Every structure is written in structure tokens, then in C-alpha cells.
Amino acid sequence: MRPDYQIQTVHDSESDFRSAMERVHAWLGEHAGEHGVSDDMQALGWEARLEGKTVGILTGRLMWNWIFIKMLAVAPGHRSQGIGRMLMENVETYAADNQLTGIHLDTFTYQAPAFYEKLGYVEFGRLTDLPPGHTRIYYAKRLKTKGN
């Protein structure tokens, strides 16, 4: 006979949600360790500044020798001036200097797929109607470093 499990929400409270996420990370980290995989993750971030004001931000995380770009945004009024490209070039230099395997990210059809393609990122997946009427696109760029 199966135990009487009960399912409850944890997303109604930010603290409950954070606590649940900490437990998930711990359980998954333990499982990964059983398979010889480290779940160490390092947060990364860069800002573009002009006259002391932040005009662009790139955030991501480093895990398993790959950087995942979580977000890239340029402030209104500063777009189409090369700031996004400068931030991307900076993260690529960081990755190359640290002999990382590559960089991956996702974007949407209403955002900047052509921007990433111009930088040499290769599409490896799509999820249509996310958000409705648009497509989420997944990109990766394998770096040419020693061992790759």
C-alpha cells in the first residue's frame, strides 16, 4: 500500500519557495555527486557603465565548464550602440581565458536571435508558443580553447 502523500503549494510565500529550492538543490547535488558530477555553480555578472550610470548588464552562471547567460539587457536610449556586443565579447574573453568549453543561452523571437547568430551562436532548440505567439530559441557557442 502506498503512503498517503499530500501535495501542497510552496509558491505562495517567497520564504517557503526559497526553502523548497534549497532542498531541491541539496537533493540534486547529492544525486549528482553519486555519479561523480559536481554541482558547483558560480554566479557571474558584468555591467557596462557610462558616466557612472549602468547602461547594460549581463548575468549568468558558470557550471560544468560552460557559462549560461541568464540575462542580457541594455537600457533604453543606449541600445544599438554596441553595448550588448561589448558585454558578450567580455564574457567570451572570460570564458576563453579560463579555458571553458563554451557559452549557452536562450532568447525569444521578439528579442535578439539575429544578434546572437551574428556573434557565432548556433541554434540547438526551439520551444514554440513560449510565450504565446512567439518562440523561445536556445543557442550555444563552443569555444576554441585547448582541449576543445
# chains A, B, ... in the order shown; residues from 1 in each chain; ligands from 1

$ closest_atom_pairs --of "range 33-135 of chain A" --to "range 15-25 of chain A" --cutoff "12 Å" --atoms "only C-alpha atoms" --output "CSV"
residue,atom,partner,partner_atom,distance
A:Gly33,CA,A:His25,CA,11.9
A:Ser38,CA,A:His25,CA,11.9
A:Asp39,CA,A:His25,CA,8.6
A:Asp40,CA,A:His25,CA,10.5
A:Met41,CA,A:His25,CA,11.0

$ write_last_selection --atoms "C-alpha atoms" --output "CSV table (one decimal), in the first residue's frame"
chain,number,residue,atom,x,y,z
A,33,GLY,CA,27.8,13.5,-6.5
A,38,SER,CA,29.9,18.3,-9.2
A,39,ASP,CA,27.0,20.7,-8.9
A,40,ASP,CA,29.3,23.7,-8.0
A,41,MET,CA,27.9,26.8,-9.7

$ select_by_dssp --residues "range 35-103 of chain A" --states "helix (DSSP H, G or I)" --output "list of chain:residue names"
A:Ile83, A:Gly84, A:Arg85, A:Met86, A:Leu87, A:Met88, A:Glu89, A:Asn90, A:Val91, A:Glu92, A:Thr93, A:Tyr94, A:Ala95, A:Ala96, A:Asp97

$ write_last_selection --atoms "N, CA and C atoms" --output "PDB file, in the first residue's frame"
ATOM      1  N   ILE A  83      26.734  48.113 -27.047  1.00  0.00           N
ATOM      2  CA  ILE A  83      26.921  47.744 -25.644  1.00  0.00           C
ATOM      3  C   ILE A  83      26.699  46.251 -25.438  1.00  0.00           C
ATOM      4  N   GLY A  84      25.641  45.703 -26.028  1.00  0.00           N
ATOM      5  CA  GLY A  84      25.382  44.267 -25.915  1.00  0.00           C
ATOM      6  C   GLY A  84      26.538  43.458 -26.474  1.00  0.00           C
ATOM      7  N   ARG A  85      27.051  43.867 -27.616  1.00  0.00           N
ATOM      8  CA  ARG A  85      28.201  43.180 -28.225  1.00  0.00           C
ATOM      9  C   ARG A  85      29.414  43.255 -27.292  1.00  0.00           C
ATOM     10  N   MET A  86      29.660  44.412 -26.686  1.00  0.00           N
ATOM     11  CA  MET A  86      30.802  44.556 -25.771  1.00  0.00           C
ATOM     12  C   MET A  86      30.652  43.620 -24.566  1.00  0.00           C
ATOM     13  N   LEU A  87      29.448  43.530 -24.017  1.00  0.00           N
ATOM     14  CA  LEU A  87      29.225  42.628 -22.887  1.00  0.00           C
ATOM     15  C   LEU A  87      29.438  41.173 -23.301  1.00  0.00           C
ATOM     16  N   MET A  88      28.937  40.812 -24.482  1.00  0.00           N
ATOM     17  CA  MET A  88      29.125  39.439 -24.976  1.00  0.00           C
ATOM     18  C   MET A  88      30.602  39.147 -25.233  1.00  0.00           C
ATOM     19  N   GLU A  89      31.303  40.089 -25.815  1.00  0.00           N
ATOM     20  CA  GLU A  89      32.737  39.896 -26.059  1.00  0.00           C
ATOM     21  C   GLU A  89      33.483  39.731 -24.743  1.00  0.00           C
ATOM     22  N   ASN A  90      33.060  40.466 -23.725  1.00  0.00           N
ATOM     23  CA  ASN A  90      33.696  40.361 -22.415  1.00  0.00           C
ATOM     24  C   ASN A  90      33.499  38.975 -21.814  1.00  0.00           C
ATOM     25  N   VAL A  91      32.275  38.452 -21.879  1.00  0.00           N
ATOM     26  CA  VAL A  91      32.026  37.121 -21.311  1.00  0.00           C
ATOM     27  C   VAL A  91      32.762  36.052 -22.122  1.00  0.00           C
ATOM     28  N   GLU A  92      32.871  36.233 -23.431  1.00  0.00           N
ATOM     29  CA  GLU A  92      33.614  35.275 -24.248  1.00  0.00           C
ATOM     30  C   GLU A  92      35.104  35.316 -23.922  1.00  0.00           C
ATOM     31  N   THR A  93      35.644  36.496 -23.681  1.00  0.00           N
ATOM     32  CA  THR A  93      37.053  36.612 -23.279  1.00  0.00           C
ATOM     33  C   THR A  93      37.272  35.919 -21.939  1.00  0.00           C
ATOM     34  N   TYR A  94      36.365  36.148 -21.014  1.00  0.00           N
ATOM     35  CA  TYR A  94      36.448  35.485 -19.705  1.00  0.00           C
ATOM     36  C   TYR A  94      36.444  33.967 -19.882  1.00  0.00           C
ATOM     37  N   ALA A  95      35.543  33.476 -20.714  1.00  0.00           N
ATOM     38  CA  ALA A  95      35.438  32.033 -20.939  1.00  0.00           C
ATOM     39  C   ALA A  95      36.717  31.482 -21.574  1.00  0.00           C
ATOM     40  N   ALA A  96      37.235  32.173 -22.568  1.00  0.00           N
ATOM     41  CA  ALA A  96      38.463  31.725 -23.235  1.00  0.00           C
ATOM     42  C   ALA A  96      39.651  31.770 -22.271  1.00  0.00           C
ATOM     43  N   ASP A  97      39.766  32.845 -21.511  1.00  0.00           N
ATOM     44  CA  ASP A  97      40.866  32.980 -20.554  1.00  0.00           C
ATOM     45  C   ASP A  97      40.846  31.867 -19.516  1.00  0.00           C
TER      46      ASP A  97
END

$ residues_around --residues "Thr128 in chain A" --least-positions-apart "3" --cutoff "12 Å" --atoms "only C-alpha atoms" --output "ChimeraX atom specification"
/A:108-109,125,131-138

$ write_last_selection --atoms "C-alpha atoms" --output "mmCIF file, in the first residue's frame"
data_model
loop_
_atom_site.group_PDB
_atom_site.id
_atom_site.type_symbol
_atom_site.label_atom_id
_atom_site.label_comp_id
_atom_site.auth_asym_id
_atom_site.auth_seq_id
_atom_site.Cartn_x
_atom_site.Cartn_y
_atom_site.Cartn_z
ATOM 1 C CA PHE A 108 12.877 34.848 -27.868
ATOM 2 C CA THR A 109 11.831 35.607 -31.423
ATOM 3 C CA GLY A 125 16.488 24.061 -29.962
ATOM 4 C CA PRO A 131 5.250 32.995 -24.769
ATOM 5 C CA PRO A 132 2.083 32.534 -26.829
ATOM 6 C CA GLY A 133 2.619 33.726 -30.388
ATOM 7 C CA HIS A 134 6.414 33.659 -30.050
ATOM 8 C CA THR A 135 9.216 31.107 -29.837
ATOM 9 C CA ARG A 136 11.977 30.570 -27.303
ATOM 10 C CA ILE A 137 15.267 29.787 -29.052
ATOM 11 C CA TYR A 138 18.272 28.054 -27.488
#

$ select_by_dssp --residues "chain A" --states "strand (DSSP E)" --output "MDAnalysis selection string"
chainID A and resid 42:50 53:63 66:74 102:108 122:128 135:142

$ atom_distance --atom1 "CA of Lys53 in chain A" --atom2 "CA of Leu72 in chain A"
16.5 Å

$ residues_around --residues "Gln42 in chain A" --least-positions-apart "5" --cutoff "8 Å" --atoms "only C-alpha atoms" --output "PDB file with N, CA and C atoms, in the first residue's frame"
ATOM      1  N   ARG A  61      25.817  32.209 -15.119  1.00  0.00           N
ATOM      2  CA  ARG A  61      26.410  31.308 -14.136  1.00  0.00           C
ATOM      3  C   ARG A  61      27.361  30.352 -14.840  1.00  0.00           C
ATOM      4  N   LEU A  62      28.363  29.965 -14.134  1.00  0.00           N
ATOM      5  CA  LEU A  62      29.357  29.028 -14.631  1.00  0.00           C
ATOM      6  C   LEU A  62      29.127  27.692 -13.944  1.00  0.00           C
ATOM      7  N   MET A  63      28.928  26.655 -14.765  1.00  0.00           N
ATOM      8  CA  MET A  63      28.718  25.310 -14.228  1.00  0.00           C
ATOM      9  C   MET A  63      29.141  24.306 -15.274  1.00  0.00           C
TER      10      MET A  63
END

$ closest_residue --among "A:Tyr139, A:Val74, A:Ile57, A:Gly52" --to "Pro113 in chain A" --atoms "only C-alpha atoms"
A:Tyr139

$ decode --residues "range 38-85 of chain A" --atoms "N, CA and C atoms" --output "CSV table (one decimal), in the first residue's frame"
chain,number,residue,atom,x,y,z
A,38,SER,N,30.0,17.3,-10.2
A,38,SER,CA,29.9,18.3,-9.2
A,38,SER,C,28.8,19.3,-9.6
A,39,ASP,N,28.1,19.8,-8.6
A,39,ASP,CA,27.0,20.7,-8.9
A,39,ASP,C,27.4,22.1,-8.5
A,40,ASP,N,28.8,22.4,-8.4
A,40,ASP,CA,29.3,23.7,-8.0
A,40,ASP,C,28.9,24.7,-9.1
A,41,MET,N,28.4,25.8,-8.7
A,41,MET,CA,27.9,26.8,-9.7
A,41,MET,C,28.5,28.2,-9.2
A,42,GLN,N,29.0,29.0,-10.1
A,42,GLN,CA,29.5,30.3,-9.8
A,42,GLN,C,28.6,31.4,-10.5
A,43,ALA,N,28.1,32.3,-9.7
A,43,ALA,CA,27.4,33.4,-10.4
A,43,ALA,C,28.4,34.4,-11.0
A,44,LEU,N,28.0,34.9,-12.2
A,44,LEU,CA,28.8,35.8,-13.0
A,44,LEU,C,28.0,37.0,-13.4
A,45,GLY,N,28.6,38.2,-13.5
A,45,GLY,CA,27.9,39.3,-13.9
A,45,GLY,C,28.8,40.5,-14.3
A,46,TRP,N,28.4,41.2,-15.3
A,46,TRP,CA,29.2,42.4,-15.8
A,46,TRP,C,28.2,43.5,-16.1
A,47,GLU,N,28.7,44.7,-15.9
A,47,GLU,CA,27.9,45.9,-16.1
A,47,GLU,C,28.7,46.8,-17.1
A,48,ALA,N,28.0,47.4,-18.0
A,48,ALA,CA,28.5,48.5,-18.9
A,48,ALA,C,28.1,49.8,-18.2
A,49,ARG,N,29.0,50.7,-18.1
A,49,ARG,CA,28.7,52.0,-17.4
A,49,ARG,C,29.1,53.1,-18.3
A,50,LEU,N,28.4,54.2,-18.2
A,50,LEU,CA,28.7,55.4,-18.9
A,50,LEU,C,28.5,56.6,-17.9
A,51,GLU,N,29.6,57.3,-17.6
A,51,GLU,CA,29.5,58.4,-16.7
A,51,GLU,C,28.9,58.0,-15.4
A,52,GLY,N,29.3,56.9,-14.9
A,52,GLY,CA,28.8,56.4,-13.6
A,52,GLY,C,27.5,55.8,-13.5
A,53,LYS,N,26.8,55.7,-14.7
A,53,LYS,CA,25.5,55.1,-14.8
A,53,LYS,C,25.5,53.8,-15.5
A,54,THR,N,24.8,52.8,-14.9
A,54,THR,CA,24.7,51.5,-15.6
A,54,THR,C,23.8,51.5,-16.8
A,55,VAL,N,24.3,51.1,-17.9
A,55,VAL,CA,23.6,51.2,-19.2
A,55,VAL,C,23.4,49.8,-19.8
A,56,GLY,N,24.0,48.8,-19.2
A,56,GLY,CA,23.9,47.4,-19.7
A,56,GLY,C,24.3,46.4,-18.7
A,57,ILE,N,23.7,45.3,-18.7
A,57,ILE,CA,24.0,44.2,-17.7
A,57,ILE,C,23.9,42.9,-18.4
A,58,LEU,N,24.9,42.0,-18.0
A,58,LEU,CA,24.9,40.6,-18.4
A,58,LEU,C,25.1,39.8,-17.2
A,59,THR,N,24.2,38.9,-16.9
A,59,THR,CA,24.3,38.0,-15.8
A,59,THR,C,24.3,36.5,-16.3
A,60,GLY,N,24.9,35.7,-15.5
A,60,GLY,CA,25.0,34.3,-15.9
A,60,GLY,C,25.5,33.4,-14.8
A,61,ARG,N,25.8,32.2,-15.1
A,61,ARG,CA,26.4,31.3,-14.1
A,61,ARG,C,27.4,30.4,-14.8
A,62,LEU,N,28.4,30.0,-14.1
A,62,LEU,CA,29.4,29.0,-14.6
A,62,LEU,C,29.1,27.7,-13.9
A,63,MET,N,28.9,26.7,-14.8
A,63,MET,CA,28.7,25.3,-14.2
A,63,MET,C,29.1,24.3,-15.3
A,64,TRP,N,29.9,23.3,-14.9
A,64,TRP,CA,30.3,22.2,-15.7
A,64,TRP,C,31.1,22.7,-16.9
A,65,ASN,N,31.9,23.7,-16.7
A,65,ASN,CA,32.8,24.3,-17.7
A,65,ASN,C,32.1,25.1,-18.8
A,66,TRP,N,30.9,25.4,-18.6
A,66,TRP,CA,30.1,26.2,-19.5
A,66,TRP,C,29.5,27.4,-18.8
A,67,ILE,N,29.4,28.5,-19.5
A,67,ILE,CA,28.7,29.6,-19.0
A,67,ILE,C,27.3,29.7,-19.6
A,68,PHE,N,26.3,29.8,-18.7
A,68,PHE,CA,24.9,30.0,-19.1
A,68,PHE,C,24.6,31.5,-19.0
A,69,ILE,N,24.3,32.2,-20.0
A,69,ILE,CA,23.9,33.6,-19.9
A,69,ILE,C,22.4,33.6,-19.6
A,70,LYS,N,22.2,34.1,-18.4
A,70,LYS,CA,20.8,34.2,-17.8
A,70,LYS,C,20.1,35.4,-18.4
A,71,MET,N,20.7,36.6,-18.4
A,71,MET,CA,20.1,37.8,-18.9
A,71,MET,C,21.1,38.7,-19.5
A,72,LEU,N,20.7,39.4,-20.5
A,72,LEU,CA,21.5,40.5,-21.1
A,72,LEU,C,20.5,41.6,-21.5
A,73,ALA,N,20.7,42.7,-21.0
A,73,ALA,CA,19.8,43.9,-21.2
A,73,ALA,C,20.6,45.2,-21.3
A,74,VAL,N,20.2,46.0,-22.2
A,74,VAL,CA,20.7,47.3,-22.4
A,74,VAL,C,19.6,48.3,-22.2
A,75,ALA,N,19.9,49.4,-21.4
A,75,ALA,CA,18.9,50.4,-21.0
A,75,ALA,C,18.4,51.1,-22.3
A,76,PRO,N,17.1,51.4,-22.2
A,76,PRO,CA,16.5,52.2,-23.3
A,76,PRO,C,17.3,53.5,-23.5
A,77,GLY,N,17.5,53.9,-24.7
A,77,GLY,CA,18.3,55.1,-25.0
A,77,GLY,C,19.7,54.8,-25.3
A,78,HIS,N,20.1,53.5,-25.0
A,78,HIS,CA,21.5,53.1,-25.2
A,78,HIS,C,21.6,51.9,-26.1
A,79,ARG,N,20.5,51.5,-26.6
A,79,ARG,CA,20.5,50.3,-27.5
A,79,ARG,C,21.1,50.6,-28.8
A,80,SER,N,21.5,49.6,-29.6
A,80,SER,CA,22.1,49.8,-30.9
A,80,SER,C,23.3,50.6,-30.9
A,81,GLN,N,24.1,50.6,-29.8
A,81,GLN,CA,25.3,51.4,-29.8
A,81,GLN,C,26.5,50.4,-29.5
A,82,GLY,N,26.3,49.1,-29.6
A,82,GLY,CA,27.4,48.1,-29.4
A,82,GLY,C,27.6,47.7,-28.0
A,83,ILE,N,26.7,48.1,-27.0
A,83,ILE,CA,26.9,47.7,-25.6
A,83,ILE,C,26.7,46.3,-25.4
A,84,GLY,N,25.6,45.7,-26.0
A,84,GLY,CA,25.4,44.3,-25.9
A,84,GLY,C,26.5,43.5,-26.5
A,85,ARG,N,27.1,43.9,-27.6
A,85,ARG,CA,28.2,43.2,-28.2
A,85,ARG,C,29.4,43.3,-27.3
